[in-house]
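> Would you mind keeping the following structure in view while I ask a few things?
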Amino acid sequence: MPTKKKAAKAKKARTGTKKDFGEMMVKQVMQKMVQSAHLKTKGDVIASLMIEGFGAVPVVDAKDKLVGIVSEHDLMAALDDGHKLGAVAAADIMTCNPYSIHPETTLPTLIHVFRASDLIRVPVVDSNDKLVGIIARRDVLRAYLAAGRA
């Protein structure tokens, strides 16, 4: 009769040390260090954040509750409309009430969301809508490859 230690070793050999991608959750691969803006943050500051980080910047209130998101597209639209980015605030150009997900969402569910929408990245919020992370399509692909599913 095999011991628990041998059984665990045999299971590890069968499954490898990699996590099962189908059971992985957003919280395991999301970016936790999120650069965010406030309603009064100027467009040029948001553009600077994008150059250093993501192509979209979540907008939060004083309690870090997600209220909007500013994308590269939003900034381009402001420029195309003749605005100077230093003269517009996040509140003027953001998408209000953006789609968001919870950390416990599974990656396969998120893949369905990405596929059914034009979203490239999605803010991650807790049960009180407080911003806790952000996840992009490339994060999901990176997790897939790391799980050895290629």
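All residue names refer to the structure tokens as shown: chains lettered A, B, ... in order, residues numbered from 1 in each chain, ligands numbered from 1 in order.
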Fewer than 4 positions away in the same chain doesn't count, so skip those; otherwise give me all residues within 10 Å of Gly53 (chain A), counting only C-alpha atoms, as a PyMOL selection string.

chain A and resi 33-35+47-49+57

> Dump C-alpha atoms for the selected residues as a PDB file, in the first residue's frame?


ATOM      1  CA  MET A  33       0.529  47.418  -8.531  1.00  0.00           C
ATOM      2  CA  VAL A  34      -1.946  49.539 -10.474  1.00  0.00           C
ATOM      3  CA  GLN A  35      -1.332  53.103 -11.508  1.00  0.00           C
ATOM      4  CA  ALA A  47      -0.665  59.834 -20.744  1.00  0.00           C
ATOM      5  CA  SER A  48       2.595  59.731 -18.768  1.00  0.00           C
ATOM      6  CA  LEU A  49       1.236  56.900 -16.617  1.00  0.00           C
ATOM      7  CA  VAL A  57      -5.622  53.879 -16.403  1.00  0.00           C
TER       8      VAL A  57
END

> Just list as JSON, numbers by chain whatever in region 98-132 of chain A DSSP marks as strand (DSSP E or B).

{"A": [101, 106, 121, 122, 123, 124, 125, 130, 131, 132]}

> Distance CA of Ala56 (chain A)-CA of Glu23 (chain A), one decimal place?

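If I compute the distance from CA of Ala56 (chain A) to CA of Glu23 (chain A), I get 27.0 Å.
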
> If we count only C-alpha atoms, what is near Val26 (chain A) at a cut-off of 9 Å, once residues fewer than 4 positions away on the same chain are taken out, given as a PyMOL selection string?

chain A and resi 30+101-107+110+124+135+140

> Just write the chosen residues, N, CA and C atoms, as a compact mmCIF listing (two decimals), in the first residue's frame.


# COMPACT_ATOMS: atom_id res chain seq x y z
N MET A 30 -3.10 38.63 -11.87
CA MET A 30 -3.35 40.06 -12.09
C MET A 30 -2.15 40.88 -11.64
N ILE A 101 -13.95 43.01 -12.95
CA ILE A 101 -14.12 41.64 -12.50
C ILE A 101 -13.59 41.51 -11.07
N HIS A 102 -13.91 40.38 -10.46
CA HIS A 102 -13.45 40.10 -9.10
C HIS A 102 -12.24 39.19 -9.14
N PRO A 103 -11.41 39.24 -8.11
CA PRO A 103 -10.20 38.42 -8.08
C PRO A 103 -10.46 36.91 -8.16
N GLU A 104 -11.64 36.47 -7.75
CA GLU A 104 -11.96 35.05 -7.74
C GLU A 104 -12.45 34.53 -9.09
N THR A 105 -12.57 35.40 -10.08
CA THR A 105 -12.99 34.98 -11.42
C THR A 105 -11.94 34.04 -11.99
N THR A 106 -12.40 32.96 -12.62
CA THR A 106 -11.44 32.02 -13.22
C THR A 106 -10.94 32.58 -14.56
N LEU A 107 -9.75 32.17 -14.93
CA LEU A 107 -9.18 32.65 -16.20
C LEU A 107 -10.00 32.22 -17.41
N LEU A 110 -12.71 34.71 -17.75
CA LEU A 110 -12.17 35.98 -18.25
C LEU A 110 -11.88 35.90 -19.75
N VAL A 124 -9.65 45.03 -11.74
CA VAL A 124 -10.08 44.01 -10.78
C VAL A 124 -10.48 44.73 -9.50
N ILE A 135 -5.89 43.32 -15.03
CA ILE A 135 -5.42 42.15 -15.77
C ILE A 135 -5.62 42.40 -17.26
N VAL A 140 -3.07 36.76 -19.20
CA VAL A 140 -3.73 35.47 -19.33
C VAL A 140 -2.88 34.54 -20.21

> Hey, what does DSSP flag as alpha helix (DSSP H) within region 13-107 of chain A? Can you give it to me as a PyMOL selection string?

chain A and resi 13-15+26-29+43-52+72-80+90-93+107

> Which neighbours of Asp129 (chain A) fall inside 10 Å, counting only C-alpha atoms, when residues of the same chain fewer than 4 positions from it are skipped, and could you give them as a VMD selection string?

chain A and resid 60 63 to 67 100 to 102 123 to 125

> Please provide as a list in words all residues within 12 Å of Ala62 (chain A), with the sequence filter that same-chain residues fewer than 4 positions apart are discarded (counting only C-alpha atoms).

Ser36, Ala37, His38, Leu39, Lys40, Leu66, Val67, Lys130 and Leu131 of chain A

> Could you please take those selected residues and save C-alpha atoms as an mmCIF file, in the first residue's frame?


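Dumped to result-v7.cif:
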data_model
loop_
_atom_site.group_PDB
_atom_site.id
_atom_site.type_symbol
_atom_site.label_atom_id
_atom_site.label_comp_id
_atom_site.auth_asym_id
_atom_site.auth_seq_id
_atom_site.Cartn_x
_atom_site.Cartn_y
_atom_site.Cartn_z
ATOM 1 C CA SER A 36 -4.630 54.918 -11.096
ATOM 2 C CA ALA A 37 -5.917 58.433 -11.565
ATOM 3 C CA HIS A 38 -8.489 60.573 -9.799
ATOM 4 C CA LEU A 39 -11.333 62.520 -11.390
ATOM 5 C CA LYS A 40 -9.276 65.734 -11.520
ATOM 6 C CA LEU A 66 -13.452 52.352 -9.299
ATOM 7 C CA VAL A 67 -15.476 55.062 -11.058
ATOM 8 C CA LYS A 130 -12.289 49.004 -4.479
ATOM 9 C CA LEU A 131 -9.576 48.720 -7.120
#
